[in-house]
Amino acid sequence: MRIEDADPGLYGPGSVTWQCHGDPVMWIAGIRALYLQALHPRAVRAVMENSDFQTDAWGRLLRTADFVGTVTYGTTDAAERAGARVRAIHRRLSATDPDTGEPFPVDDPELLLWVHCAQIDSFLHILRRSGVPLTPAQADSYVDENRVSARLVGLDPAAVPADAAALAAYFEEVRPRLAAGADARAVDDFLRAPPISPLLVPGRNLLWRPLVGLAYGTLPGWAHQLYGRPAPPPRAVTRRLRLTGRVLRSIPAGLRWQLPPGHILKAMRRLGPGSRPSAYTLRKPAAILDRPGRAQHDDGGGFKTWRSPD
């Protein structure tokens, strides 16, 4: 097959999502998403009752990353099959409301929408706050593009926020239903000190804990209040995140992308070297309005186009 005839998948190199999802700060964004998702009592209860999160949280994180990579960089068929597997699993599962004891289906659209929005908000927030120069229009495109992934897990795309303003409005609407109950605190405890071999504890304390603390610090103020734990001042969090982003991006992309399952390298082999993702290619159209490094950023963490509502 000629490269020009290859399947670009559901996003393709022309999308903001394609260019951004290969950035290494996405791992921090994934941790932030877990913190947010755990604040919905039913959503986190569904995880606790139907998965081995507390004994295999690493596996869950890797499976989520694999799903995102497949949907972003895989062929159309691979993405559709990944979505079908997720829908089939969710369709068979139920859980019990932690307050009322009422059973509910795991594929309840309200829960799916919360998980999706918490993830997309976290991805977008961390990308922009770490220094990726997305303009407001590009941020809106990112939110809109990812209604594709919402469809794959069983949501009606028409009922999913299509731009950053709609995403912020969704959080305002859902906040009264959020709480940090026993399940959310169990997630917090695990993330801060995941059980590992005693020989690996020093490495966990040196490498993992700072990333988790940084992800927690980027949560909106109302989330810190629910968890009952303070966070460093927003300016300090922003500085740390931007420094961490620079350090992670200094690792050669070709080396980072060698890690299994290698979605990006497979996509580049399929589509050619011109499909190589880099969030900084998005600077070119943004440079007309914003000099590099200045796009929608302040050092207090409060610019409305990337700040989660608090």
# chains A, B, ... in the order shown; residues from 1 in each chain; ligands from 1
>>> residues_around(residues="Gly22 of chain A", least_positions_apart="2", cutoff="12 Å", atoms="only C-alpha atoms", output="ChimeraX atom specification")
/A:13,16-20,24-27,65,68-70,72-73,123,127,132,248-249,252-254,256-258,262-265,267,275-280
>>> residues_around(residues="Pro210 of chain A", least_positions_apart="5", cutoff="10 Å", atoms="only C-alpha atoms", output="PyMOL selection string")
chain A and resi 192+204-205+215-216+240
>>> write_last_selection(atoms="N, CA and C atoms", output="tab-separated table (two decimals), in the first residue's frame")
chain	number	residue	atom	x	y	z
A	192	ARG	N	-0.58	8.06	46.08
A	192	ARG	CA	0.55	8.63	46.81
A	192	ARG	C	1.55	7.57	47.27
A	204	ARG	N	10.29	4.86	44.13
A	204	ARG	CA	8.93	5.41	44.18
A	204	ARG	C	8.93	6.78	44.83
A	205	ASN	N	9.63	6.91	45.94
A	205	ASN	CA	9.66	8.18	46.66
A	205	ASN	C	10.38	9.26	45.86
A	215	ALA	N	0.63	16.38	39.83
A	215	ALA	CA	-0.69	16.19	39.24
A	215	ALA	C	-1.79	16.66	40.19
A	216	TYR	N	-1.67	16.32	41.48
A	216	TYR	CA	-2.65	16.77	42.46
A	216	TYR	C	-2.68	18.29	42.54
A	240	ARG	N	6.72	24.41	38.42
A	240	ARG	CA	7.18	23.02	38.49
A	240	ARG	C	6.72	22.23	37.28
>>> atom_distance(atom1="atom CA of Leu226 of chain A", atom2="atom CA of Ala180 of chain A")
5.5 Å
>>> closest_residue(among="A:Gly59, A:Ala46, A:Ala158, A:Ser141", to="Pro103 of chain A", atoms="only C-alpha atoms")
A:Ala46
>>> select_by_dssp(residues="segment 21-151 of chain A", states="strand (DSSP E)", output="ChimeraX atom specification")
/A:94-96,103-105
>>> residues_around(residues="Asp97 of chain A", least_positions_apart="3", cutoff="12 Å", atoms="only C-alpha atoms", output="mmCIF file with N, CA, C and O atoms, in the first residue's frame")
data_model
loop_
_atom_site.group_PDB
_atom_site.id
_atom_site.type_symbol
_atom_site.label_atom_id
_atom_site.label_comp_id
_atom_site.auth_asym_id
_atom_site.auth_seq_id
_atom_site.Cartn_x
_atom_site.Cartn_y
_atom_site.Cartn_z
ATOM 1 N N HIS A 40 -16.407 11.494 41.606
ATOM 2 C CA HIS A 40 -17.808 11.163 41.320
ATOM 3 C C HIS A 40 -18.108 9.846 42.048
ATOM 4 O O HIS A 40 -17.568 8.800 41.689
ATOM 5 N N PRO A 41 -18.938 9.885 43.094
ATOM 6 C CA PRO A 41 -19.116 8.687 43.926
ATOM 7 C C PRO A 41 -19.522 7.437 43.153
ATOM 8 O O PRO A 41 -19.021 6.343 43.432
ATOM 9 N N ARG A 42 -20.425 7.577 42.190
ATOM 10 C CA ARG A 42 -20.839 6.389 41.438
ATOM 11 C C ARG A 42 -19.753 5.918 40.482
ATOM 12 O O ARG A 42 -19.529 4.718 40.321
ATOM 13 N N ALA A 43 -19.074 6.862 39.842
ATOM 14 C CA ALA A 43 -18.041 6.479 38.879
ATOM 15 C C ALA A 43 -16.917 5.715 39.569
ATOM 16 O O ALA A 43 -16.450 4.678 39.075
ATOM 17 N N VAL A 44 -16.464 6.203 40.724
ATOM 18 C CA VAL A 44 -15.358 5.525 41.405
ATOM 19 C C VAL A 44 -15.828 4.212 42.029
ATOM 20 O O VAL A 44 -15.080 3.238 42.095
ATOM 21 N N ARG A 45 -17.076 4.147 42.474
ATOM 22 C CA ARG A 45 -17.603 2.886 43.000
ATOM 23 C C ARG A 45 -17.650 1.828 41.908
ATOM 24 O O ARG A 45 -17.348 0.643 42.143
ATOM 25 N N ALA A 46 -18.013 2.220 40.688
ATOM 26 C CA ALA A 46 -18.034 1.278 39.570
ATOM 27 C C ALA A 46 -16.650 0.690 39.331
ATOM 28 O O ALA A 46 -16.503 -0.503 39.041
ATOM 29 N N VAL A 47 -15.627 1.523 39.469
ATOM 30 C CA VAL A 47 -14.252 1.030 39.307
ATOM 31 C C VAL A 47 -13.896 0.066 40.433
ATOM 32 O O VAL A 47 -13.342 -1.012 40.199
ATOM 33 N N MET A 48 -14.204 0.440 41.655
ATOM 34 C CA MET A 48 -13.825 -0.375 42.803
ATOM 35 C C MET A 48 -14.513 -1.739 42.799
ATOM 36 O O MET A 48 -13.928 -2.745 43.192
ATOM 37 N N GLU A 49 -15.763 -1.777 42.361
ATOM 38 C CA GLU A 49 -16.505 -3.035 42.393
ATOM 39 C C GLU A 49 -16.207 -3.940 41.205
ATOM 40 O O GLU A 49 -16.427 -5.154 41.287
ATOM 41 N N SER A 94 -22.398 -3.870 36.513
ATOM 42 C CA SER A 94 -23.199 -2.966 37.332
ATOM 43 C C SER A 94 -22.452 -2.731 38.639
ATOM 44 O O SER A 94 -21.465 -3.400 38.943
ATOM 45 N N THR A 100 -27.042 5.042 48.598
ATOM 46 C CA THR A 100 -28.413 4.507 48.643
ATOM 47 C C THR A 100 -28.479 2.993 48.564
ATOM 48 O O THR A 100 -29.518 2.405 48.874
ATOM 49 N N GLY A 101 -27.395 2.338 48.119
ATOM 50 C CA GLY A 101 -27.437 0.894 47.909
ATOM 51 C C GLY A 101 -28.127 0.497 46.630
ATOM 52 O O GLY A 101 -28.300 -0.698 46.345
ATOM 53 N N GLU A 102 -28.524 1.473 45.828
ATOM 54 C CA GLU A 102 -29.228 1.209 44.569
ATOM 55 C C GLU A 102 -28.249 0.697 43.513
ATOM 56 O O GLU A 102 -27.175 1.275 43.315
ATOM 57 N N PRO A 103 -28.608 -0.388 42.821
ATOM 58 C CA PRO A 103 -27.747 -0.847 41.723
ATOM 59 C C PRO A 103 -27.870 0.074 40.514
ATOM 60 O O PRO A 103 -28.931 0.658 40.268
ATOM 61 N N PHE A 104 -26.784 0.210 39.769
ATOM 62 C CA PHE A 104 -26.810 1.038 38.564
ATOM 63 C C PHE A 104 -25.868 0.429 37.526
ATOM 64 O O PHE A 104 -24.884 -0.238 37.879
ATOM 65 N N PRO A 105 -26.163 0.652 36.248
ATOM 66 C CA PRO A 105 -25.305 0.108 35.197
ATOM 67 C C PRO A 105 -24.033 0.927 35.045
ATOM 68 O O PRO A 105 -24.058 2.155 35.154
ATOM 69 N N VAL A 106 -22.921 0.264 34.785
ATOM 70 C CA VAL A 106 -21.646 0.954 34.607
ATOM 71 C C VAL A 106 -21.662 1.830 33.361
ATOM 72 O O VAL A 106 -20.981 2.858 33.308
ATOM 73 N N GLY A 181 -15.473 10.631 48.961
ATOM 74 C CA GLY A 181 -15.839 9.616 49.933
ATOM 75 C C GLY A 181 -14.705 8.631 50.162
ATOM 76 O O GLY A 181 -13.544 8.870 49.792
ATOM 77 N N ASP A 183 -14.056 5.815 48.750
ATOM 78 C CA ASP A 183 -13.429 5.306 47.524
ATOM 79 C C ASP A 183 -12.427 6.312 46.958
ATOM 80 O O ASP A 183 -11.337 5.938 46.517
#
>>> closest_residue(among="A:Arg177, A:Ala236, A:Cys117, A:Gly74", to="Ala162 of chain A", atoms="only C-alpha atoms")
A:Cys117
>>> residues_around(residues="Arg229 of chain A", least_positions_apart="2", cutoff="12 Å", atoms="only C-alpha atoms", output="VMD selection string")
chain A and resid 180 185 188 to 189 213 216 to 217 219 221 to 227 231 to 232
>>> select_by_dssp(residues="segment 41-105 of chain A", states="alpha helix (DSSP H)", output="number ranges by chain")
A: 41-50, 53-73, 76-91
>>> write_last_selection(atoms="C-alpha atoms", output="tab-separated table (two decimals), in the first residue's frame")
chain	number	residue	atom	x	y	z
A	41	PRO	CA	-19.12	8.69	43.93
A	42	ARG	CA	-20.84	6.39	41.44
A	43	ALA	CA	-18.04	6.48	38.88
A	44	VAL	CA	-15.36	5.52	41.40
A	45	ARG	CA	-17.60	2.89	43.00
A	46	ALA	CA	-18.03	1.28	39.57
A	47	VAL	CA	-14.25	1.03	39.31
A	48	MET	CA	-13.83	-0.37	42.80
A	49	GLU	CA	-16.50	-3.03	42.39
A	50	ASN	CA	-15.62	-4.15	38.89
A	53	PHE	CA	-7.68	-1.30	40.81
A	54	GLN	CA	-6.19	-1.71	44.27
A	55	THR	CA	-4.11	-4.74	43.28
A	56	ASP	CA	-3.44	-3.92	39.63
A	57	ALA	CA	-3.69	-0.16	39.31
A	58	TRP	CA	-0.53	-0.12	37.20
A	59	GLY	CA	-2.20	-2.45	34.73
A	60	ARG	CA	-5.28	-0.23	34.65
A	61	LEU	CA	-3.17	2.83	33.92
A	62	LEU	CA	-1.34	1.04	31.13
A	63	ARG	CA	-4.56	-0.30	29.63
A	64	THR	CA	-6.05	3.20	29.62
A	65	ALA	CA	-2.90	4.55	27.93
A	66	ASP	CA	-3.08	1.74	25.38
A	67	PHE	CA	-6.72	2.61	24.60
A	68	VAL	CA	-5.89	6.31	24.13
A	69	GLY	CA	-2.90	5.41	21.93
A	70	THR	CA	-4.91	3.00	19.81
A	71	VAL	CA	-7.76	5.46	19.29
A	72	THR	CA	-5.38	8.33	18.49
A	73	TYR	CA	-2.75	6.66	16.32
A	76	THR	CA	-9.87	3.20	11.91
A	77	ASP	CA	-10.57	-0.50	12.31
A	78	ALA	CA	-8.28	-0.83	15.34
A	79	ALA	CA	-9.91	2.17	17.04
A	80	GLU	CA	-13.43	0.91	16.35
A	81	ARG	CA	-12.56	-2.55	17.67
A	82	ALA	CA	-11.04	-1.03	20.83
A	83	GLY	CA	-14.23	0.95	21.40
A	84	ALA	CA	-16.41	-2.12	20.81
A	85	ARG	CA	-14.43	-4.06	23.43
A	86	VAL	CA	-14.89	-1.29	26.00
A	87	ARG	CA	-18.63	-1.04	25.31
A	88	ALA	CA	-19.06	-4.81	25.55
A	89	ILE	CA	-17.28	-4.93	28.92
A	90	HIS	CA	-19.25	-2.03	30.36
A	91	ARG	CA	-22.55	-3.43	29.10
>>> atom_distance(atom1="atom CA of Asp144 of chain A", atom2="atom CA of Ser15 of chain A")
10.5 Å
>>> atom_distance(atom1="atom CA of Arg175 of chain A", atom2="atom CA of Glu145 of chain A")
24.3 Å
>>> decode(residues="segment 33-67 of chain A", atoms="N, CA and C atoms", output="PDB file, in the first residue's frame")
ATOM      1  N   ALA A  33      -6.370  13.069  35.806  1.00  0.00           N
ATOM      2  CA  ALA A  33      -7.691  12.575  35.422  1.00  0.00           C
ATOM      3  C   ALA A  33      -8.217  11.571  36.442  1.00  0.00           C
ATOM      4  N   LEU A  34      -7.348  10.686  36.942  1.00  0.00           N
ATOM      5  CA  LEU A  34      -7.781   9.732  37.965  1.00  0.00           C
ATOM      6  C   LEU A  34      -8.265  10.455  39.218  1.00  0.00           C
ATOM      7  N   TYR A  35      -7.532  11.477  39.623  1.00  0.00           N
ATOM      8  CA  TYR A  35      -7.956  12.247  40.799  1.00  0.00           C
ATOM      9  C   TYR A  35      -9.338  12.867  40.578  1.00  0.00           C
ATOM     10  N   LEU A  36      -9.557  13.452  39.412  1.00  0.00           N
ATOM     11  CA  LEU A  36     -10.860  14.050  39.137  1.00  0.00           C
ATOM     12  C   LEU A  36     -11.952  12.992  39.065  1.00  0.00           C
ATOM     13  N   GLN A  37     -11.701  11.923  38.322  1.00  0.00           N
ATOM     14  CA  GLN A  37     -12.719  10.896  38.128  1.00  0.00           C
ATOM     15  C   GLN A  37     -13.168  10.283  39.447  1.00  0.00           C
ATOM     16  N   ALA A  38     -12.241  10.184  40.410  1.00  0.00           N
ATOM     17  CA  ALA A  38     -12.568   9.569  41.694  1.00  0.00           C
ATOM     18  C   ALA A  38     -13.517  10.410  42.532  1.00  0.00           C
ATOM     19  N   LEU A  39     -13.748  11.661  42.145  1.00  0.00           N
ATOM     20  CA  LEU A  39     -14.632  12.532  42.914  1.00  0.00           C
ATOM     21  C   LEU A  39     -16.103  12.334  42.575  1.00  0.00           C
ATOM     22  N   HIS A  40     -16.407  11.494  41.606  1.00  0.00           N
ATOM     23  CA  HIS A  40     -17.808  11.163  41.320  1.00  0.00           C
ATOM     24  C   HIS A  40     -18.108   9.846  42.048  1.00  0.00           C
ATOM     25  N   PRO A  41     -18.938   9.885  43.094  1.00  0.00           N
ATOM     26  CA  PRO A  41     -19.116   8.687  43.926  1.00  0.00           C
ATOM     27  C   PRO A  41     -19.522   7.437  43.153  1.00  0.00           C
ATOM     28  N   ARG A  42     -20.425   7.577  42.190  1.00  0.00           N
ATOM     29  CA  ARG A  42     -20.839   6.389  41.438  1.00  0.00           C
ATOM     30  C   ARG A  42     -19.753   5.918  40.482  1.00  0.00           C
ATOM     31  N   ALA A  43     -19.074   6.862  39.842  1.00  0.00           N
ATOM     32  CA  ALA A  43     -18.041   6.479  38.879  1.00  0.00           C
ATOM     33  C   ALA A  43     -16.917   5.715  39.569  1.00  0.00           C
ATOM     34  N   VAL A  44     -16.464   6.203  40.724  1.00  0.00           N
ATOM     35  CA  VAL A  44     -15.358   5.525  41.405  1.00  0.00           C
ATOM     36  C   VAL A  44     -15.828   4.212  42.029  1.00  0.00           C
ATOM     37  N   ARG A  45     -17.076   4.147  42.474  1.00  0.00           N
ATOM     38  CA  ARG A  45     -17.603   2.886  43.000  1.00  0.00           C
ATOM     39  C   ARG A  45     -17.650   1.828  41.908  1.00  0.00           C
ATOM     40  N   ALA A  46     -18.013   2.220  40.688  1.00  0.00           N
ATOM     41  CA  ALA A  46     -18.034   1.278  39.570  1.00  0.00           C
ATOM     42  C   ALA A  46     -16.650   0.690  39.331  1.00  0.00           C
ATOM     43  N   VAL A  47     -15.627   1.523  39.469  1.00  0.00           N
ATOM     44  CA  VAL A  47     -14.252   1.030  39.307  1.00  0.00           C
ATOM     45  C   VAL A  47     -13.896   0.066  40.433  1.00  0.00           C
ATOM     46  N   MET A  48     -14.204   0.440  41.655  1.00  0.00           N
ATOM     47  CA  MET A  48     -13.825  -0.375  42.803  1.00  0.00           C
ATOM     48  C   MET A  48     -14.513  -1.739  42.799  1.00  0.00           C
ATOM     49  N   GLU A  49     -15.763  -1.777  42.361  1.00  0.00           N
ATOM     50  CA  GLU A  49     -16.505  -3.035  42.393  1.00  0.00           C
ATOM     51  C   GLU A  49     -16.207  -3.940  41.205  1.00  0.00           C
ATOM     52  N   ASN A  50     -15.720  -3.364  40.111  1.00  0.00           N
ATOM     53  CA  ASN A  50     -15.615  -4.153  38.888  1.00  0.00           C
ATOM     54  C   ASN A  50     -14.205  -4.254  38.324  1.00  0.00           C
ATOM     55  N   SER A  51     -13.223  -3.857  39.094  1.00  0.00           N
ATOM     56  CA  SER A  51     -11.853  -3.980  38.603  1.00  0.00           C
ATOM     57  C   SER A  51     -10.935  -4.304  39.760  1.00  0.00           C
ATOM     58  N   ASP A  52      -9.711  -4.632  39.414  1.00  0.00           N
ATOM     59  CA  ASP A  52      -8.705  -4.930  40.428  1.00  0.00           C
ATOM     60  C   ASP A  52      -7.808  -3.714  40.633  1.00  0.00           C
ATOM     61  N   PHE A  53      -8.446  -2.545  40.726  1.00  0.00           N
ATOM     62  CA  PHE A  53      -7.678  -1.302  40.814  1.00  0.00           C
ATOM     63  C   PHE A  53      -6.659  -1.338  41.948  1.00  0.00           C
ATOM     64  N   GLN A  54      -7.076  -1.797  43.122  1.00  0.00           N
ATOM     65  CA  GLN A  54      -6.193  -1.710  44.274  1.00  0.00           C
ATOM     66  C   GLN A  54      -5.053  -2.726  44.231  1.00  0.00           C
ATOM     67  N   THR A  55      -5.195  -3.764  43.401  1.00  0.00           N
ATOM     68  CA  THR A  55      -4.111  -4.735  43.279  1.00  0.00           C
ATOM     69  C   THR A  55      -3.411  -4.648  41.929  1.00  0.00           C
ATOM     70  N   ASP A  56      -4.048  -4.013  40.965  1.00  0.00           N
ATOM     71  CA  ASP A  56      -3.439  -3.924  39.632  1.00  0.00           C
ATOM     72  C   ASP A  56      -3.686  -2.549  39.024  1.00  0.00           C
ATOM     73  N   ALA A  57      -3.476  -1.511  39.820  1.00  0.00           N
ATOM     74  CA  ALA A  57      -3.691  -0.162  39.312  1.00  0.00           C
ATOM     75  C   ALA A  57      -2.717   0.170  38.193  1.00  0.00           C
ATOM     76  N   TRP A  58      -1.490  -0.356  38.283  1.00  0.00           N
ATOM     77  CA  TRP A  58      -0.526  -0.121  37.197  1.00  0.00           C
ATOM     78  C   TRP A  58      -1.084  -0.656  35.888  1.00  0.00           C
ATOM     79  N   GLY A  59      -1.634  -1.866  35.946  1.00  0.00           N
ATOM     80  CA  GLY A  59      -2.204  -2.450  34.730  1.00  0.00           C
ATOM     81  C   GLY A  59      -3.343  -1.620  34.193  1.00  0.00           C
ATOM     82  N   ARG A  60      -4.162  -1.072  35.094  1.00  0.00           N
ATOM     83  CA  ARG A  60      -5.283  -0.233  34.651  1.00  0.00           C
ATOM     84  C   ARG A  60      -4.770   1.018  33.956  1.00  0.00           C
ATOM     85  N   LEU A  61      -3.748   1.643  34.542  1.00  0.00           N
ATOM     86  CA  LEU A  61      -3.173   2.835  33.925  1.00  0.00           C
ATOM     87  C   LEU A  61      -2.621   2.523  32.538  1.00  0.00           C
ATOM     88  N   LEU A  62      -1.928   1.403  32.415  1.00  0.00           N
ATOM     89  CA  LEU A  62      -1.343   1.040  31.127  1.00  0.00           C
ATOM     90  C   LEU A  62      -2.418   0.689  30.110  1.00  0.00           C
ATOM     91  N   ARG A  63      -3.483   0.029  30.565  1.00  0.00           N
ATOM     92  CA  ARG A  63      -4.564  -0.304  29.626  1.00  0.00           C
ATOM     93  C   ARG A  63      -5.277   0.951  29.134  1.00  0.00           C
ATOM     94  N   THR A  64      -5.448   1.931  30.030  1.00  0.00           N
ATOM     95  CA  THR A  64      -6.052   3.202  29.617  1.00  0.00           C
ATOM     96  C   THR A  64      -5.156   3.906  28.601  1.00  0.00           C
ATOM     97  N   ALA A  65      -3.841   3.928  28.865  1.00  0.00           N
ATOM     98  CA  ALA A  65      -2.900   4.554  27.932  1.00  0.00           C
ATOM     99  C   ALA A  65      -2.918   3.833  26.591  1.00  0.00           C
ATOM    100  N   ASP A  66      -3.036   2.511  26.623  1.00  0.00           N
ATOM    101  CA  ASP A  66      -3.084   1.736  25.383  1.00  0.00           C
ATOM    102  C   ASP A  66      -4.339   2.081  24.587  1.00  0.00           C
ATOM    103  N   PHE A  67      -5.469   2.251  25.279  1.00  0.00           N
ATOM    104  CA  PHE A  67      -6.715   2.612  24.596  1.00  0.00           C
ATOM    105  C   PHE A  67      -6.584   3.982  23.936  1.00  0.00           C
TER     106      PHE A  67
END
